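Peer 1: See data.csv below, with CSV, C-alpha atoms and all ligand atoms.
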chain,number,residue,atom,x,y,z
A,1,MET,CA,41.8,69.0,-44.0
A,2,SER,CA,41.3,67.8,-47.6
A,3,GLU,CA,43.1,64.5,-47.2
A,4,ARG,CA,41.0,61.4,-47.9
A,5,VAL,CA,40.5,59.3,-44.9
A,6,ALA,CA,39.4,55.7,-44.7
A,7,ILE,CA,38.1,54.1,-41.5
A,8,ILE,CA,38.3,50.3,-41.5
A,9,GLY,CA,35.7,49.0,-39.0
A,10,GLY,CA,32.6,51.0,-38.4
A,11,GLY,CA,31.9,49.9,-34.9
A,12,LYS,CA,31.9,52.0,-31.7
A,13,ILE,CA,35.2,53.7,-32.0
A,14,GLY,CA,35.1,53.8,-35.8
A,15,GLU,CA,31.8,55.6,-35.6
A,16,ALA,CA,33.1,57.9,-32.9
A,17,LEU,CA,36.0,58.9,-35.2
A,18,LEU,CA,33.6,59.3,-38.1
A,19,ALA,CA,31.2,61.5,-36.2
A,20,GLY,CA,34.0,63.5,-34.6
A,21,LEU,CA,35.7,64.2,-38.0
A,22,ILE,CA,32.4,65.2,-39.6
A,23,GLY,CA,31.5,67.4,-36.6
A,24,ALA,CA,34.9,69.0,-36.9
A,25,GLY,CA,34.1,70.0,-40.5
A,26,LYS,CA,35.7,67.2,-42.5
A,27,PRO,CA,33.7,66.9,-45.7
A,28,VAL,CA,31.8,63.6,-45.9
A,29,LYS,CA,33.1,63.2,-49.5
A,30,ASP,CA,36.6,62.8,-48.1
A,31,LEU,CA,35.6,60.0,-45.8
A,32,VAL,CA,34.9,56.3,-46.5
A,33,VAL,CA,34.2,53.4,-44.2
A,34,ALA,CA,35.0,49.8,-44.7
A,35,GLU,CA,32.5,47.7,-42.7
A,36,ARG,CA,31.8,44.0,-43.2
A,37,SER,CA,28.4,44.0,-41.4
A,38,ALA,CA,25.6,44.9,-43.9
A,39,GLU,CA,23.4,46.0,-41.1
A,40,ARG,CA,26.0,48.3,-39.6
A,41,SER,CA,26.9,49.6,-43.1
A,42,ALA,CA,23.3,50.6,-43.7
A,43,GLU,CA,23.1,52.4,-40.3
A,44,LEU,CA,26.3,54.4,-40.9
A,45,ALA,CA,25.3,55.4,-44.5
A,46,ALA,CA,21.9,56.5,-43.3
A,47,ASP,CA,23.1,58.4,-40.2
A,48,TYR,CA,26.1,60.2,-41.7
A,49,GLY,CA,25.6,60.1,-45.5
A,50,VAL,CA,29.1,58.5,-45.8
A,51,ARG,CA,30.2,56.0,-48.4
A,52,VAL,CA,30.4,52.5,-46.8
A,53,THR,CA,31.9,49.5,-48.6
A,54,ALA,CA,32.6,46.0,-47.5
A,55,ASP,CA,35.8,46.0,-49.6
A,56,ILE,CA,38.9,47.2,-47.7
A,57,ALA,CA,40.9,47.7,-50.9
A,58,ASP,CA,38.2,49.8,-52.4
A,59,ALA,CA,38.0,51.9,-49.2
A,60,VAL,CA,41.7,52.7,-49.0
A,61,GLU,CA,42.1,53.5,-52.7
A,62,GLY,CA,43.4,57.1,-52.8
A,63,ALA,CA,43.2,57.5,-49.0
A,64,ARG,CA,46.1,59.4,-47.4
A,65,VAL,CA,45.2,57.9,-44.0
A,66,ALA,CA,43.7,54.5,-43.2
A,67,PHE,CA,42.4,54.2,-39.6
A,68,LEU,CA,42.1,50.7,-38.4
A,69,ALA,CA,39.2,50.3,-35.9
A,70,VAL,CA,38.5,46.6,-35.8
A,71,LYS,CA,38.9,44.2,-32.8
A,72,PRO,CA,42.4,42.9,-32.3
A,73,ASP,CA,41.4,39.4,-33.6
A,74,ALA,CA,40.3,40.9,-36.9
A,75,VAL,CA,43.6,42.7,-37.5
A,76,GLU,CA,45.3,39.9,-39.4
A,77,ALA,CA,42.4,39.7,-42.0
A,78,VAL,CA,42.6,43.5,-42.4
A,79,LEU,CA,46.3,43.4,-42.9
A,80,GLN,CA,46.0,40.7,-45.5
A,81,ALA,CA,43.4,42.9,-47.4
A,82,LEU,CA,45.7,45.9,-47.1
A,83,SER,CA,48.8,44.1,-48.3
A,84,VAL,CA,47.0,43.2,-51.5
A,85,ALA,CA,45.4,46.7,-52.0
A,86,ASP,CA,47.0,48.8,-54.7
A,87,ASP,CA,49.6,51.2,-53.3
A,88,ASN,CA,48.7,54.8,-53.7
A,89,GLY,CA,51.5,55.7,-56.1
A,90,GLU,CA,53.0,59.0,-55.0
A,91,LEU,CA,50.6,59.3,-52.1
A,92,GLU,CA,52.0,57.1,-49.4
A,93,ARG,CA,49.2,55.8,-47.2
A,94,ILE,CA,49.6,56.1,-43.4
A,95,THR,CA,48.2,53.2,-41.5
A,96,VAL,CA,46.9,54.5,-38.1
A,97,THR,CA,45.8,51.8,-35.8
A,98,LEU,CA,43.3,52.4,-33.0
A,99,VAL,CA,43.5,48.8,-32.0
A,100,ALA,CA,44.4,48.0,-28.4
A,101,GLY,CA,47.4,45.8,-27.6
A,102,ILE,CA,48.9,45.1,-31.1
A,103,PRO,CA,52.3,46.7,-31.6
A,104,THR,CA,53.4,48.7,-34.6
A,105,THR,CA,56.0,46.0,-35.5
A,106,ARG,CA,53.1,43.6,-36.3
A,107,TYR,CA,51.7,45.9,-38.9
A,108,GLU,CA,55.1,46.9,-40.2
A,109,ALA,CA,55.9,43.2,-40.7
A,110,ALA,CA,52.7,42.5,-42.7
A,111,LEU,CA,52.6,45.7,-44.8
A,112,PRO,CA,55.0,46.5,-47.7
A,113,ALA,CA,58.5,47.2,-46.4
A,114,GLY,CA,58.9,50.7,-45.0
A,115,SER,CA,55.1,51.4,-44.6
A,116,PRO,CA,54.4,54.2,-42.1
A,117,VAL,CA,52.4,52.9,-39.2
A,118,ILE,CA,51.2,55.0,-36.2
A,119,ARG,CA,49.5,53.5,-33.2
A,120,VAL,CA,46.8,55.5,-31.4
A,121,MET,CA,44.8,54.8,-28.2
A,122,PRO,CA,41.7,57.0,-28.4
A,123,ASN,CA,38.6,56.9,-26.3
A,124,THR,CA,34.8,57.2,-27.0
A,125,PRO,CA,34.4,60.8,-25.9
A,126,MET,CA,35.6,61.4,-29.4
A,127,LEU,CA,31.9,61.2,-30.3
A,128,VAL,CA,31.5,64.7,-28.7
A,129,ASN,CA,35.0,66.0,-29.7
A,130,GLU,CA,36.4,65.4,-26.3
A,131,ALA,CA,38.7,62.4,-27.0
A,132,MET,CA,42.0,61.8,-25.3
A,133,SER,CA,44.2,60.2,-27.9
A,134,ALA,CA,47.7,58.9,-27.3
A,135,VAL,CA,49.9,58.6,-30.3
A,136,SER,CA,53.0,56.4,-30.8
A,137,PRO,CA,54.8,56.6,-34.2
A,138,GLY,CA,56.2,53.4,-35.6
A,139,ARG,CA,59.7,53.2,-36.9
A,140,TYR,CA,58.9,54.3,-40.5
A,141,ALA,CA,56.5,57.1,-39.7
A,142,GLU,CA,57.9,60.5,-40.7
A,143,ASP,CA,57.4,63.7,-38.8
A,144,GLU,CA,55.0,65.1,-41.4
A,145,GLN,CA,52.9,61.9,-41.2
A,146,VAL,CA,52.8,62.1,-37.4
A,147,ALA,CA,51.8,65.7,-37.7
A,148,LEU,CA,49.0,65.0,-40.1
A,149,THR,CA,47.7,62.2,-37.8
A,150,VAL,CA,47.9,64.5,-34.7
A,151,ARG,CA,46.1,67.2,-36.6
A,152,LEU,CA,43.2,64.8,-37.6
A,153,LEU,CA,43.0,63.6,-34.0
A,154,GLU,CA,43.2,67.1,-32.5
A,155,SER,CA,40.0,68.0,-34.4
A,156,VAL,CA,38.2,65.5,-32.2
A,157,GLY,CA,39.9,66.1,-28.8
A,158,LYS,CA,43.3,66.2,-27.1
A,159,VAL,CA,46.4,64.4,-28.3
A,160,MET,CA,49.5,63.3,-26.4
A,161,VAL,CA,52.5,61.7,-28.1
A,162,VAL,CA,54.0,58.9,-26.0
A,163,PRO,CA,56.6,56.1,-26.6
A,164,GLU,CA,54.9,52.9,-27.6
A,165,LYS,CA,56.0,51.1,-24.4
A,166,LEU,CA,53.5,53.3,-22.5
A,167,MET,CA,50.5,52.3,-24.6
A,168,ASP,CA,49.3,49.6,-22.1
A,169,ALA,CA,49.3,52.2,-19.3
A,170,VAL,CA,47.6,54.7,-21.5
A,171,THR,CA,44.9,52.1,-22.3
A,172,ALA,CA,44.4,51.5,-18.6
A,173,ILE,CA,43.9,55.2,-17.9
A,174,SER,CA,42.3,57.0,-20.8
A,175,GLY,CA,41.4,54.2,-23.3
A,176,SER,CA,39.2,52.2,-21.0
A,177,GLY,CA,38.8,55.1,-18.5
A,178,PRO,CA,35.4,56.3,-19.7
A,179,ALA,CA,33.9,53.0,-18.6
A,180,TYR,CA,35.1,53.5,-15.0
A,181,PHE,CA,33.3,56.8,-14.8
A,182,PHE,CA,30.2,55.4,-16.4
A,183,LEU,CA,30.2,52.7,-13.8
A,184,MET,CA,30.6,55.2,-11.0
A,185,VAL,CA,27.7,57.3,-12.4
A,186,GLU,CA,25.6,54.1,-12.7
A,187,ALA,CA,26.1,53.3,-9.0
A,188,LEU,CA,25.5,56.9,-8.0
A,189,ILE,CA,22.1,57.0,-9.9
A,190,ASP,CA,21.1,53.7,-8.2
A,191,SER,CA,22.1,55.1,-4.8
A,192,GLY,CA,20.0,58.3,-5.4
A,193,VAL,CA,17.0,56.1,-6.2
A,194,ALA,CA,17.6,54.2,-2.9
A,195,LEU,CA,17.7,57.5,-1.1
A,196,GLY,CA,14.3,58.5,-2.5
A,197,LEU,CA,15.0,60.4,-5.7
A,198,THR,CA,13.2,59.4,-8.9
A,199,ARG,CA,15.4,57.8,-11.5
A,200,PRO,CA,15.2,60.8,-13.9
A,201,GLN,CA,16.0,63.2,-11.0
A,202,SER,CA,18.9,61.0,-9.8
A,203,THR,CA,20.3,60.7,-13.4
A,204,GLU,CA,20.2,64.4,-14.0
A,205,LEU,CA,21.9,65.2,-10.7
A,206,ALA,CA,24.6,62.6,-11.3
A,207,VAL,CA,25.3,63.3,-14.9
A,208,GLN,CA,25.5,67.1,-14.4
A,209,THR,CA,27.8,66.5,-11.4
A,210,ILE,CA,30.3,64.4,-13.3
A,211,LYS,CA,30.2,66.9,-16.2
A,212,GLY,CA,30.8,69.8,-13.9
A,213,ALA,CA,33.5,68.1,-11.9
A,214,GLY,CA,35.3,67.1,-15.1
A,215,LEU,CA,35.1,70.7,-16.4
A,216,LEU,CA,36.2,72.1,-13.1
A,217,LEU,CA,39.2,69.8,-13.0
A,218,SER,CA,40.3,70.5,-16.6
A,219,GLU,CA,39.6,74.3,-16.5
A,220,SER,CA,40.5,75.5,-12.9
A,221,GLY,CA,44.1,74.4,-13.0
A,222,LEU,CA,43.6,73.0,-9.5
A,223,SER,CA,44.6,69.5,-8.5
A,224,PRO,CA,42.0,66.8,-7.7
A,225,VAL,CA,43.3,66.9,-4.1
A,226,ASP,CA,42.6,70.7,-3.8
A,227,LEU,CA,39.2,70.4,-5.4
A,228,ARG,CA,38.2,67.5,-3.2
A,229,ALA,CA,39.3,69.5,-0.1
A,230,ALA,CA,37.2,72.4,-1.2
A,231,VAL,CA,34.0,70.2,-1.1
A,232,THR,CA,34.9,68.6,2.2
A,233,SER,CA,33.7,70.6,5.2
A,234,PRO,CA,35.1,69.7,8.7
A,235,ALA,CA,32.9,67.0,10.2
A,236,GLY,CA,30.6,67.5,7.3
A,237,THR,CA,28.6,65.3,4.8
A,238,THR,CA,31.4,64.8,2.2
A,239,ALA,CA,33.9,63.7,4.9
A,240,ALA,CA,31.4,61.0,5.9
A,241,ALA,CA,31.0,59.8,2.3
A,242,LEU,CA,34.7,59.8,1.6
A,243,ARG,CA,35.5,57.8,4.8
A,244,GLU,CA,33.2,55.1,3.4
A,245,PHE,CA,34.9,55.1,0.0
A,246,GLU,CA,38.3,54.7,1.7
A,247,ARG,CA,37.0,52.0,4.0
A,248,ALA,CA,35.7,50.1,1.0
A,249,GLY,CA,39.2,50.3,-0.6
A,250,LEU,CA,38.4,52.6,-3.6
A,251,ARG,CA,42.0,53.5,-4.2
A,252,HIS,CA,43.1,49.9,-4.1
A,253,ALA,CA,40.2,48.9,-6.5
A,254,VAL,CA,41.3,51.6,-9.0
A,255,ASN,CA,44.9,50.4,-8.8
A,256,GLU,CA,44.0,46.8,-9.2
A,257,ALA,CA,41.6,47.6,-12.1
A,258,THR,CA,44.2,49.6,-14.0
A,259,VAL,CA,46.8,46.9,-13.5
A,260,ALA,CA,44.4,44.2,-14.8
A,261,CYS,CA,43.6,46.4,-17.8
A,262,ALA,CA,47.2,47.0,-18.7
A,263,GLU,CA,48.0,43.3,-18.4
A,264,VAL,CA,45.2,42.4,-20.8
A,265,SER,CA,46.5,45.0,-23.2
A,266,ALA,CA,50.1,43.7,-22.9
A,267,LYS,CA,49.0,40.1,-23.6
A,268,THR,CA,46.7,40.9,-26.6
A,269,ALA,CA,49.2,40.3,-29.4
A,270,ARG,CA,50.2,37.0,-27.9
A,271,ARG,CA,46.6,35.9,-27.3
A,272,VAL,CA,45.6,36.8,-30.9
A,273,GLU,CA,48.6,35.0,-32.2
A,274,VAL,CA,47.8,31.8,-30.3
A,275,GLU,CA,44.1,31.9,-31.1
A,276,GLY,CA,44.9,32.7,-34.8
A,277,SER,CA,47.4,29.9,-35.1
A,278,SER,CA,45.0,27.5,-33.6
A,279,GLN,CA,42.6,28.5,-36.4
A,280,GLY,CA,45.4,28.2,-39.0
A,281,VAL,CA,45.9,32.0,-39.4
A,282,GLN,CA,49.4,33.2,-40.1
A,283,LEU,CA,50.5,36.3,-38.2
A,284,GLY,CA,53.5,38.6,-38.6
A,285,ALA,CA,56.9,37.4,-37.3
A,286,GLU,CA,57.4,39.7,-34.3
A,287,THR,CA,55.5,39.6,-31.0
A,288,ALA,CA,54.8,42.3,-28.5
A,289,SER,CA,57.4,40.9,-26.1
A,290,GLU,CA,60.0,41.1,-28.9
A,291,GLN,CA,59.0,44.7,-29.5
A,292,GLN,CA,59.1,45.8,-25.9
B,301,LIG,N1,35.4,51.0,-27.8
B,301,LIG,C1,36.3,51.8,-27.2
B,301,LIG,O1,36.1,52.5,-26.3
B,301,LIG,C2,37.7,51.7,-27.7
B,301,LIG,C3,38.1,50.8,-28.7
B,301,LIG,N2,39.4,50.8,-29.1
B,301,LIG,C4,39.9,49.8,-30.1
B,301,LIG,O2,39.1,50.0,-31.2
B,301,LIG,C5,38.9,48.7,-31.9
B,301,LIG,C6,37.4,48.6,-32.2
B,301,LIG,O3,36.7,48.6,-31.0
B,301,LIG,P1,35.1,48.8,-31.0
B,301,LIG,O4,34.8,49.9,-32.0
B,301,LIG,O5,34.7,48.9,-29.6
B,301,LIG,O6,34.6,47.4,-31.7
B,301,LIG,P2,33.3,47.1,-32.5
B,301,LIG,O7,33.1,45.6,-32.4
B,301,LIG,O8,32.2,48.0,-32.0
B,301,LIG,O9,33.7,47.5,-34.0
B,301,LIG,C7,34.5,46.8,-34.9
B,301,LIG,C8,33.9,46.8,-36.2
B,301,LIG,O10,34.8,46.3,-37.2
B,301,LIG,C9,34.0,45.6,-38.1
B,301,LIG,N3,34.9,44.7,-38.8
B,301,LIG,C10,35.5,43.6,-38.3
B,301,LIG,N4,36.3,43.0,-39.3
B,301,LIG,C11,36.2,43.8,-40.4
B,301,LIG,C12,36.7,43.7,-41.7
B,301,LIG,N5,37.6,42.7,-42.1
B,301,LIG,N6,36.4,44.7,-42.6
B,301,LIG,C13,35.5,45.6,-42.2
B,301,LIG,N7,35.0,45.8,-41.0
B,301,LIG,C14,35.3,44.8,-40.1
B,301,LIG,C15,32.9,44.9,-37.3
B,301,LIG,O11,31.8,44.5,-38.1
B,301,LIG,C16,32.6,46.0,-36.3
B,301,LIG,O12,31.5,46.8,-36.8
B,301,LIG,C17,39.4,47.6,-30.9
B,301,LIG,O13,40.6,47.1,-31.4
B,301,LIG,C18,39.6,48.4,-29.6
B,301,LIG,O14,40.8,47.9,-29.0
B,301,LIG,C19,40.4,51.7,-28.7
B,301,LIG,C20,40.0,52.7,-27.8
B,301,LIG,C21,38.7,52.7,-27.2
B,302,LIG,O1,37.9,47.2,-23.9
B,302,LIG,C1,38.7,47.3,-24.8
B,302,LIG,O2,39.4,46.3,-25.1
B,302,LIG,C2,38.8,48.5,-25.6
B,302,LIG,C3,40.2,49.1,-25.6
B,302,LIG,C4,40.2,50.4,-24.9
B,302,LIG,C5,38.8,50.5,-24.6
B,302,LIG,N1,38.0,49.6,-25.1
Would you mind writing the structure in this file as structure tokens?
Peer 2:
Amino acid sequence: MSERVAIIGGGKIGEALLAGLIGAGKPVKDLVVAERSAERSAELAADYGVRVTADIADAVEGARVAFLAVKPDAVEAVLQALSVADDNGELERITVTLVAGIPTTRYEAALPAGSPVIRVMPNTPMLVNEAMSAVSPGRYAEDEQVALTVRLLESVGKVMVVPEKLMDAVTAISGSGPAYFFLMVEALIDSGVALGLTRPQSTELAVQTIKGAGLLLSESGLSPVDLRAAVTSPAGTTAAALREFERAGLRHAVNEATVACAEVSAKTARRVEVEGSSQGVQLGAETASEQQ
């Protein structure tokens, strides 16, 4: 892993990628972060010993891969900076976007003709090398460039290659998914306190339970249905709890939540375009709906 990697945007997901790559053995000298917030830059430089610059062109100079980890509404400014950055000569730079909802066609329209673009939907467990990342190659990305991107992402978790039309669904399951489980654990901790546990007791019980349940699911090879059945004794305590979840419409809530998430993802490119044009920002020619 000697390729130089630039991360543009040192926020939550940019830091997760940075921490994950360093944890996986990527030398800090091969990493650079472009971050516009001075406060955030100082934090990242102090915590990871990585070079941080506010200048995107400086960050991507000589980089084999440029990961984009800014919010969707900052993408256009980053693309403008990238389009004026020197090309890498022989070394073709791969633009790997971690941004939700903006299609590869948008980047391809703004970058020099034929630039390889790869869209990725990661998640924050990348911080502990347990990411789930879905990868969709753009039309100019070559197999070797996809393989390099997959290899980098595999060093911080699991990777699945999917057609780009599935990215909204992926975002609704794994991209935003960690938040659903954190909400569940939050509610479980509060419930434990209401039942008489101290908050530290309830937190330890709930956190170890979600960790153990996740490991059991991923390592046993059994389905969630079988594992749930194994916990549920006839006329027992679990059956009483599950009946209340069903009565409250948990499955329906999960379904509605993921549909809402996917819809926001699908509308992101159009929203950014409308907001950008109302602020006089020019975006690339193609929209998400043209691409899908
Ligand atoms: N947070 C998450 O769980 C996930 C986020 N994503 C995607 O990752 C992207 C970033 O999300 P977060 O890390 O949560 O946001 P964030 O707001 O924590 O980080 C964005 C960072 O980009 C920096 N930035 C903005 N414009 C810049 C520029 N022109 N040059 C340099 N730095 C610039 C900001 O100062 C900020 O530190 C989003 O597009 C989101 O859709 C994808 C999967 C999961
Ligand atoms: O909430 C968001 O928009 C981002 C994308 C996936 C996870 N977080």
Peer 1: Using all atoms listed in the file, which protein or nucleic acid residues are at most 8 Å from ligand LIG 301 (chain B), as a ChimeraX atom specification?
Peer 2: /A:8-15,34-37,40,54-56,68-72,74-75,77-78,81,98-101,120-124,171,175-176,178
Peer 1: Which is closer to ligand LIG 302 (chain B) than all the others in A:Val185, A:Ala239, A:Ile22, A:Ala169, using all atoms listed in the file?
Peer 2: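 Counting all atoms listed in the file, the residue closest to ligand LIG 302 (chain B) is A:Ala169.
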Peer 1: For Asp190 in chain A, work out the shell of residues within 12 Å, counting all atoms listed in the file and skipping chain neighbours fewer than 5 positions away, then give it as a ChimeraX atom specification.
Peer 2: /A:183-185,195-203,205-206
Peer 1: Measuring between all atoms listed in the file, which one of A:Val207, A:Ala253, A:Ala248, A:Ile173 shows the shortest distance to ligand LIG 302 (chain B)?
Peer 2: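 Ranking A:Val207, A:Ala253, A:Ala248, A:Ile173 by distance to ligand LIG 302 (chain B), first place goes to A:Ile173.
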Peer 1: How many Å lie between CA of Glu61 in chain A and CA of Gly23 in chain A, rounded to one decimal?
Peer 2: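 Computing it gives 23.8 Å between the two atoms.
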Peer 1: Which residue is closest to Glu130 in chain A? Choose from A:Ser218, A:Thr149, A:Thr209, A:Ser277 and count only C-alpha atoms.
Peer 2: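 Among the listed residues, the smallest separation from Glu130 in chain A belongs to A:Ser218.
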Peer 1: Near Val32 in chain A, counting all atoms listed in the file, which residues have an atom at most 7 Å away, once you skip same-chain residues fewer than 4 positions from it, shown as a count of residues only?
Peer 2: 7
Peer 1: What is the distance between CA of Gly49 in chain A and CA of Ile94 in chain A, in Å to one decimal?
Peer 2: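 Distance between the two atoms: 24.4 Å.
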Peer 1: Counting all atoms listed in the file, which residues come within 12 Å of (49.6, 63.3, -31.6), with the point read in the file's coordinates, and could you list them as number ranges by chain?
Peer 2: A: 96, 118-122, 131-137, 143-163
